[in-house]
Every structure is written in structure tokens, then in C-alpha cells.
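Okay, model28.cif now, which holds mmCIF, C-alpha atoms:
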data_protein
#
loop_
_atom_site.label_atom_id
_atom_site.label_comp_id
_atom_site.auth_asym_id
_atom_site.auth_seq_id
_atom_site.Cartn_x
_atom_site.Cartn_y
_atom_site.Cartn_z
CA MET C 1 -12.12 14.51 -18.45
CA THR C 2 -12.06 14.78 -14.64
CA ASP C 3 -9.22 13.66 -12.40
CA ASN C 4 -9.63 10.46 -10.42
CA ASN C 5 -8.02 10.00 -7.00
CA VAL C 6 -8.45 6.29 -6.23
CA VAL C 7 -5.86 3.75 -5.12
CA MET C 8 -6.35 0.00 -4.87
CA PHE C 9 -3.84 -2.60 -3.71
CA ASN C 10 -3.30 -5.79 -1.71
CA GLY C 11 -0.54 -6.25 0.82
CA ARG C 12 0.36 -7.30 4.34
CA ILE C 13 0.12 -5.19 7.47
CA VAL C 14 3.62 -4.61 8.86
CA LYS C 15 2.66 -2.76 12.03
CA ASN C 16 -0.42 -2.97 14.26
CA ALA C 17 -2.78 0.01 14.08
CA GLU C 18 -2.04 2.95 16.38
CA LYS C 19 -5.34 4.55 17.42
CA GLU C 20 -5.22 8.21 18.51
CA VAL C 21 -7.44 11.21 19.13
CA LYS C 22 -6.44 14.63 17.80
CA ASN C 23 -8.65 17.74 18.00
CA GLY C 24 -11.58 15.47 18.90
CA VAL C 25 -11.12 13.26 15.83
CA ILE C 26 -10.46 9.55 16.31
CA PHE C 27 -8.07 8.05 13.79
CA ALA C 28 -5.72 5.12 13.40
CA ARG C 29 -2.51 4.79 11.42
CA PHE C 30 -0.88 1.66 10.09
CA THR C 31 1.53 0.53 7.39
CA VAL C 32 1.09 -2.05 4.63
CA ALA C 33 3.86 -3.68 2.59
CA VAL C 34 3.19 -4.37 -1.08
CA ASN C 35 5.61 -6.69 -2.83
CA ARG C 36 6.53 -6.57 -6.49
CA ASP C 37 8.66 -9.10 -8.35
CA VAL C 38 11.43 -7.58 -10.47
CA ARG C 39 14.05 -9.06 -12.77
CA MET C 40 17.58 -8.10 -11.77
CA SER C 41 20.31 -7.17 -14.26
CA ASP C 42 21.84 -10.66 -13.92
CA GLY C 43 18.51 -12.24 -14.93
CA SER C 44 17.53 -13.41 -11.44
CA LYS C 45 14.20 -12.51 -9.87
CA SER C 46 13.86 -10.55 -6.66
CA SER C 47 10.98 -9.20 -4.60
CA VAL C 48 10.90 -5.46 -3.82
CA ALA C 49 8.62 -4.13 -1.05
CA SER C 50 6.96 -0.73 -0.92
CA PHE C 51 5.77 0.45 2.50
CA ILE C 52 2.56 2.49 2.40
CA ASP C 53 1.24 4.62 5.29
CA LEU C 54 -2.54 4.52 5.74
CA THR C 55 -5.03 6.36 7.93
CA ILE C 56 -8.62 5.54 8.92
CA PHE C 57 -11.04 7.85 10.76
CA ASP C 58 -13.86 7.97 13.32
CA LYS C 59 -16.09 4.88 13.71
CA PHE C 60 -14.11 3.13 11.01
CA ALA C 61 -10.95 3.57 13.12
CA GLU C 62 -12.68 2.44 16.30
CA SER C 63 -14.20 -0.69 14.80
CA MET C 64 -11.22 -1.70 12.65
CA SER C 65 -8.23 -1.01 14.94
CA PRO C 66 -8.43 -4.32 16.87
CA TYR C 67 -8.29 -6.25 13.58
CA ILE C 68 -5.37 -4.41 12.00
CA LEU C 69 -2.62 -6.76 13.09
CA LYS C 70 0.89 -7.32 11.79
CA GLY C 71 1.05 -10.07 9.16
CA THR C 72 -2.61 -9.92 8.10
CA GLN C 73 -3.23 -9.73 4.36
CA VAL C 74 -5.51 -6.85 3.35
CA SER C 75 -7.12 -5.37 0.26
CA ILE C 76 -7.35 -1.55 0.35
CA VAL C 77 -9.36 1.05 -1.58
CA GLY C 78 -8.75 4.69 -0.70
CA HIS C 79 -7.54 8.06 -1.92
CA LEU C 80 -4.26 9.96 -1.81
CA LYS C 81 -3.90 12.81 0.67
CA GLU C 82 -0.90 15.10 0.95
CA ASN C 83 -0.01 16.31 4.43
CA LYS C 84 1.89 19.63 4.51
CA TRP C 85 3.60 21.25 7.48
CA THR C 86 6.27 23.76 8.38
CA ASP C 87 8.80 23.53 11.19
CA GLU C 88 12.21 24.94 12.05
CA LYS C 89 13.73 22.90 9.18
CA GLY C 90 11.36 24.39 6.58
CA ASN C 91 8.38 23.20 4.55
CA HIS C 92 7.60 19.49 4.36
CA SER C 93 5.03 17.24 2.75
CA LYS C 94 4.15 13.55 2.93
CA LEU C 95 1.80 11.56 0.75
CA GLY C 96 -0.47 9.05 2.50
CA ILE C 97 -3.64 7.13 1.81
CA VAL C 98 -7.00 7.61 3.50
CA VAL C 99 -8.72 4.21 3.55
CA GLU C 100 -12.31 4.10 2.32
CA LYS C 101 -12.78 0.33 2.03
CA MET C 102 -10.77 -2.52 3.48
CA GLN C 103 -10.98 -6.28 3.33
CA LEU C 104 -9.10 -8.33 5.89
CA MET C 105 -8.19 -11.40 3.93
CA GLY C 106 -6.74 -13.45 6.76
CA GLY C 107 -3.62 -15.31 5.91
CA LYS C 108 -1.77 -14.12 9.02
CA ARG C 109 1.60 -15.84 9.38
CA LYS C 110 1.35 -19.00 11.50
CA GLU C 111 3.27 -19.29 14.73
CA ALA C 112 6.66 -20.95 14.33
CA ASP C 113 6.32 -24.70 14.02
CA THR C 114 9.59 -26.51 14.58
CA SER C 115 8.27 -29.70 12.95
CA SER C 116 7.62 -27.92 9.65
CA SER C 117 10.32 -26.97 7.18
CA ASP C 118 8.02 -24.34 5.62
CA SER C 119 8.87 -21.07 7.40
CA ASN C 120 6.50 -19.10 5.14
CA SER C 121 3.27 -20.90 5.99
CA PHE C 122 0.10 -18.86 6.43
CA GLU C 123 -3.31 -19.56 7.92
CA GLU C 124 -6.25 -20.01 5.57
CA PRO C 125 -7.73 -16.63 4.53
CA GLN C 126 -10.94 -15.43 6.12
CA VAL C 127 -12.37 -12.42 4.28
CA ILE C 128 -13.91 -9.66 6.40
CA ALA C 129 -15.00 -6.49 4.55
CA PHE C 130 -15.38 -3.00 6.04
CA GLU C 131 -16.39 0.30 4.49
CA ASN C 132 -15.99 3.77 5.97
CA GLU C 133 -19.41 5.36 6.33
CA SER C 134 -18.23 8.37 8.35
CA PRO C 135 -17.46 11.63 6.56
CA MET C 136 -13.80 12.64 6.54
CA PRO C 137 -12.84 15.63 8.69
CA ASP C 138 -12.94 18.84 6.64
CA GLU C 139 -9.25 19.43 7.20
CA TYR C 140 -7.34 16.30 8.07
CA ASN C 141 -3.88 17.71 7.57
CA GLY C 142 -1.57 16.34 10.25
CA PHE C 143 -3.11 12.89 10.60
CA PHE C 144 -0.38 11.07 8.63
#
Take the structure in the file and give it back as C-alpha cells.
Amino acid sequence: MTDNNVVMFNGRIVKNAEKEVKNGVIFARFTVAVNRDVRMSDGSKSSVASFIDLTIFDKFAESMSPYILKGTQVSIVGHLKENKWTDEKGNHSKLGIVVEKMQLMGGKRKEADTSSSDSNSFEEPQVIAFENESPMPDEYNGFF
């Protein structure tokens, strides 16, 4: 049986995309929070967030960056990529996700409305789907 490197999740963007160019390669980085409900030892429920770093490349980064805005709900399909580097403190590594497909599902948090008691209200979702058609750089170490 072969290994399979695919990740899929839904979450909310916690930081607008940061578009950059490095060694002639256009890329954008952003972070998504994924919440998970857990039962605490006292029996109460709590929500725990995981913060996931993502990277998109080339035309995908150029076309998507303006839409990757804090608070927007997204659905992500991608693959894991380990970034390794060495500095004066020694060897390091960081695991990130290279996005292959993304759906912007709307639902961005509404502006504060003082007449409403619901502080967690969201706009109606509008689904916009994107797929990366550009090949990944041969060596994209250092883009996370």
C-alpha cells in the first residue's frame, strides 16, 4: 500500500494573506484556526483551537491573496510539507500545508452591531472555489 499525503479541513482565516516573492517565486502565507469541541474533566464542554500555517504559490497566490481575509470561513485540501533549516541555534523543522484546493465559504464575521445582542453573528456564506493549476516549485523549502 502506498502512502497518502492529503489533508482536508474547514476553519476560519485568522490573519490576512501575506504575499511575497522569493527567488522569483510568488507565494502567500496565511493561518487558519480549526476548532474542536472537547469534554473537560469536570464534564463541561470547551472549544480548543488549532492554528495551521498554509502556503499557496504562483498564480494561485496572486489570484487568491485579495480574498484571504481574517474571519472568512474556508475549506482546504492540500498536502503536508516539512521545512528544514539550520542557523546559529542548530537544526530546525516546521510542518506546514501547501494548499491545492480552497473554497471560500463566506461567513465572515459581521461588523459590530450595537442593536444586536448576538456578538457571534456571521454573514450568509457565499462559496467560491479555487484550485491550484500551477506546478509547485521543485524545492520549496523556506516558504513556510
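When atom CA of Asn16 of chain C is paired with atom CA of Val38 of chain C, their separation reads 27.8 Å.
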Translate the PyMOL selection byres ((chain C and resi 97) around 7), as applied to the file shown, into an explicit residue set as a PyMOL selection string. chain C and resi 53-55+78-81+96+98-99
With C-alpha atoms retained, could you export that selection as a PDB file, in the frame of the given file?
ATOM      1  CA  ASP C  53       1.240   4.620   5.290  1.00  0.00           C
ATOM      2  CA  LEU C  54      -2.540   4.520   5.740  1.00  0.00           C
ATOM      3  CA  THR C  55      -5.030   6.360   7.930  1.00  0.00           C
ATOM      4  CA  GLY C  78      -8.750   4.690  -0.700  1.00  0.00           C
ATOM      5  CA  HIS C  79      -7.540   8.060  -1.920  1.00  0.00           C
ATOM      6  CA  LEU C  80      -4.260   9.960  -1.810  1.00  0.00           C
ATOM      7  CA  LYS C  81      -3.900  12.810   0.670  1.00  0.00           C
ATOM      8  CA  GLY C  96      -0.470   9.050   2.500  1.00  0.00           C
ATOM      9  CA  VAL C  98      -7.000   7.610   3.500  1.00  0.00           C
ATOM     10  CA  VAL C  99      -8.720   4.210   3.550  1.00  0.00           C
TER      11      VAL C  99
END
### Message
Using the chain letters and numbers from this file, what does the PyMOL selection byres ((chain C and resi 11) around 6) select? Give the answer as a list in words.
### Response
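This file gives the following for the PyMOL selection byres ((chain C and resi 11) around 6): Asn10, Arg12, Val32, Ala33, Val34, Gln73 and Val74 of chain C.
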On this structure, the PyMOL selection byres ((chain C and resi 65) around 10) would catch which residues? List them as a short mmCIF file (atom, residue, chain, number, x, y, z; two decimals) with C-alpha atoms, in the coordinates of the input, sorted by chain and number.
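That gives us expr-v7.cif:
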data_model
loop_
_atom_site.label_atom_id
_atom_site.label_comp_id
_atom_site.auth_asym_id
_atom_site.auth_seq_id
_atom_site.Cartn_x
_atom_site.Cartn_y
_atom_site.Cartn_z
CA ASN C 16 -0.42 -2.97 14.26
CA ALA C 17 -2.78 0.01 14.08
CA GLU C 18 -2.04 2.95 16.38
CA LYS C 19 -5.34 4.55 17.42
CA PHE C 27 -8.07 8.05 13.79
CA ALA C 28 -5.72 5.12 13.40
CA ARG C 29 -2.51 4.79 11.42
CA PHE C 30 -0.88 1.66 10.09
CA ILE C 56 -8.62 5.54 8.92
CA LYS C 59 -16.09 4.88 13.71
CA PHE C 60 -14.11 3.13 11.01
CA ALA C 61 -10.95 3.57 13.12
CA GLU C 62 -12.68 2.44 16.30
CA SER C 63 -14.20 -0.69 14.80
CA MET C 64 -11.22 -1.70 12.65
CA PRO C 66 -8.43 -4.32 16.87
CA TYR C 67 -8.29 -6.25 13.58
CA ILE C 68 -5.37 -4.41 12.00
CA LEU C 69 -2.62 -6.76 13.09
#
query = Taking into account only C-alpha atoms, which residue in the set C:Asp58, C:Lys89, C:Thr72, C:Leu104 is nearest to Lys22 of chain C?
reply =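 Looking at the shortest contact to Lys22 of chain C, the residue is C:Asp58.
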Quick check, in Å to one decimal: how far apart do atom CA of Met105 of chain C and atom CA of Asn83 of chain C lie?
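Spanning atom CA of Met105 of chain C to atom CA of Asn83 of chain C is a straight-line distance of 28.9 Å.
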Which is closer to Val77 of chain C than all the others in C:Lys15, C:Lys101, C:Arg39, C:His92, using only C-alpha atoms?
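Of C:Lys15, C:Lys101, C:Arg39, C:His92, the one nearest Val77 of chain C, counting only C-alpha atoms, is C:Lys101.
Rounded to one decimal, atom CA of Met8 of chain C and atom CA of Ile76 of chain C lie 5.5 Å from each other.
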So for segment 53-69 of chain C, what box centre and size do we get, axis-aligned, 6 Å extra on each of the six sides, every listed atom, Å to one decimal, as lines of an AutoDock Vina configuration file?
center_x = -7.4
center_y = 0.6
center_z = 11.1
size_x = 29.3
size_y = 26.7
size_z = 23.6
Residue with the minimum atom-to-atom distance to Glu100 of chain C, picked from C:Asp37, C:Asp3, C:Phe57, C:Val14 with all atoms listed in the file counted, is C:Phe57
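Residue neighbourhood of Ser75 of chain C, excluding near-sequence residues (fewer than 6 positions): Phe9, Asn10, Met102 and Gln103 of chain C, at 6 Å, using only C-alpha atoms.
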ask   = Between C:Thr31, C:Thr86, C:Asn91, C:Ser47, which one has atoms that come closest to Lys70 of chain C, using all atoms listed in the file?
value =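 Between C:Thr31, C:Thr86, C:Asn91, C:Ser47, the residue approaching Lys70 of chain C most closely is C:Thr31.
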Let me make sure I understand: among C:Met40, C:Asp87, C:Asn35, C:Asn4, which one has the smallest atom-to-atom distance to Ile52 of chain C if we use only C-alpha atoms?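 Checking each of C:Met40, C:Asp87, C:Asn35, C:Asn4 against Ile52 of chain C, counting only C-alpha atoms, the winner is C:Asn35.
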Is it possible to produce a file of segment 73-85 of chain C from this structure, with all heavy atoms, as a tab-separated table (two decimals), in the first residue's frame?
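The resulting file, result-v9.tsv, is shown below:
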chain	number	residue	atom	x	y	z
C	73	GLN	N	-14.59	31.95	6.47
C	73	GLN	CA	-14.57	30.50	6.62
C	73	GLN	C	-14.08	29.88	5.32
C	73	GLN	O	-14.46	30.31	4.23
C	73	GLN	CB	-15.97	29.98	6.95
C	73	GLN	CG	-15.98	28.52	7.29
C	73	GLN	CD	-17.36	28.03	7.68
C	73	GLN	OE1	-18.36	28.62	7.30
C	73	GLN	NE2	-17.40	26.95	8.43
C	74	VAL	N	-13.19	28.89	5.44
C	74	VAL	CA	-12.62	28.24	4.26
C	74	VAL	C	-12.63	26.72	4.43
C	74	VAL	O	-12.63	26.20	5.54
C	74	VAL	CB	-11.16	28.68	3.99
C	74	VAL	CG1	-11.10	30.13	3.59
C	74	VAL	CG2	-10.26	28.39	5.16
C	75	SER	N	-12.62	26.04	3.28
C	75	SER	CA	-12.43	24.60	3.23
C	75	SER	C	-11.14	24.38	2.45
C	75	SER	O	-10.96	24.93	1.36
C	75	SER	CB	-13.60	23.94	2.52
C	75	SER	OG	-13.40	22.54	2.44
C	76	ILE	N	-10.21	23.60	3.01
C	76	ILE	CA	-8.86	23.44	2.45
C	76	ILE	C	-8.60	21.98	2.11
C	76	ILE	O	-8.94	21.09	2.87
C	76	ILE	CB	-7.80	23.90	3.48
C	76	ILE	CG1	-8.00	25.35	3.89
C	76	ILE	CG2	-6.39	23.62	2.98
C	76	ILE	CD1	-7.65	26.37	2.83
C	77	VAL	N	-7.95	21.76	0.96
C	77	VAL	CA	-7.37	20.46	0.60
C	77	VAL	C	-5.93	20.76	0.22
C	77	VAL	O	-5.65	21.67	-0.56
C	77	VAL	CB	-8.10	19.78	-0.58
C	77	VAL	CG1	-7.39	18.50	-0.98
C	77	VAL	CG2	-9.55	19.52	-0.24
C	78	GLY	N	-4.99	20.01	0.78
C	78	GLY	CA	-3.59	20.24	0.47
C	78	GLY	C	-2.74	19.06	0.89
C	78	GLY	O	-3.25	17.96	1.12
C	79	HIS	N	-1.43	19.31	0.99
C	79	HIS	CA	-0.52	18.26	1.44
C	79	HIS	C	0.49	18.84	2.44
C	79	HIS	O	0.76	20.03	2.43
C	79	HIS	CB	0.19	17.58	0.27
C	79	HIS	CG	1.14	18.47	-0.48
C	79	HIS	ND1	0.74	19.23	-1.56
C	79	HIS	CD2	2.45	18.72	-0.31
C	79	HIS	CE1	1.78	19.90	-2.03
C	79	HIS	NE2	2.83	19.62	-1.28
C	80	LEU	N	0.98	17.96	3.30
C	80	LEU	CA	1.97	18.36	4.31
C	80	LEU	C	3.32	18.57	3.66
C	80	LEU	O	3.72	17.81	2.75
C	80	LEU	CB	2.09	17.28	5.38
C	80	LEU	CG	0.83	17.00	6.19
C	80	LEU	CD1	1.05	15.78	7.07
C	80	LEU	CD2	0.47	18.21	7.04
C	81	LYS	N	4.06	19.57	4.14
C	81	LYS	CA	5.41	19.82	3.66
C	81	LYS	C	6.25	20.25	4.85
C	81	LYS	O	5.89	21.19	5.57
C	81	LYS	CB	5.41	20.92	2.60
C	81	LYS	CG	6.78	21.42	2.21
C	81	LYS	CD	7.59	20.36	1.50
C	81	LYS	CE	8.90	20.93	0.99
C	81	LYS	NZ	10.06	20.27	1.53
C	82	GLU	N	7.34	19.55	5.08
C	82	GLU	CA	8.25	19.91	6.16
C	82	GLU	C	9.32	20.85	5.65
C	82	GLU	O	9.96	20.60	4.63
C	82	GLU	CB	8.90	18.65	6.74
C	82	GLU	CG	9.78	18.95	7.94
C	82	GLU	CD	10.40	17.71	8.54
C	82	GLU	OE1	10.54	16.70	7.82
C	82	GLU	OE2	10.76	17.75	9.72
C	83	ASN	N	9.51	21.95	6.35
C	83	ASN	CA	10.54	22.92	6.04
C	83	ASN	C	11.69	22.71	7.02
C	83	ASN	O	11.46	22.71	8.22
C	83	ASN	CB	9.97	24.33	6.16
C	83	ASN	CG	10.95	25.41	5.79
C	83	ASN	OD1	11.90	25.16	5.07
C	83	ASN	ND2	10.72	26.60	6.28
C	84	LYS	N	12.89	22.51	6.52
C	84	LYS	CA	14.07	22.29	7.38
C	84	LYS	C	15.07	23.41	7.14
C	84	LYS	O	15.27	23.84	6.01
C	84	LYS	CB	14.72	20.95	7.06
C	84	LYS	CG	13.82	19.76	7.30
C	84	LYS	CD	14.53	18.47	6.91
C	84	LYS	CE	13.60	17.29	7.09
C	84	LYS	NZ	14.23	16.03	6.71
C	85	TRP	N	15.72	23.86	8.23
C	85	TRP	CA	16.77	24.86	8.10
C	85	TRP	C	17.72	24.76	9.28
C	85	TRP	O	17.42	24.16	10.30
C	85	TRP	CB	16.18	26.27	7.99
C	85	TRP	CG	15.57	26.81	9.24
C	85	TRP	CD1	16.15	27.63	10.15
C	85	TRP	CD2	14.24	26.58	9.73
C	85	TRP	NE1	15.29	27.93	11.18
C	85	TRP	CE2	14.09	27.29	10.94
C	85	TRP	CE3	13.16	25.83	9.27
C	85	TRP	CZ2	12.93	27.28	11.68
C	85	TRP	CZ3	12.00	25.82	10.02
C	85	TRP	CH2	11.89	26.54	11.20
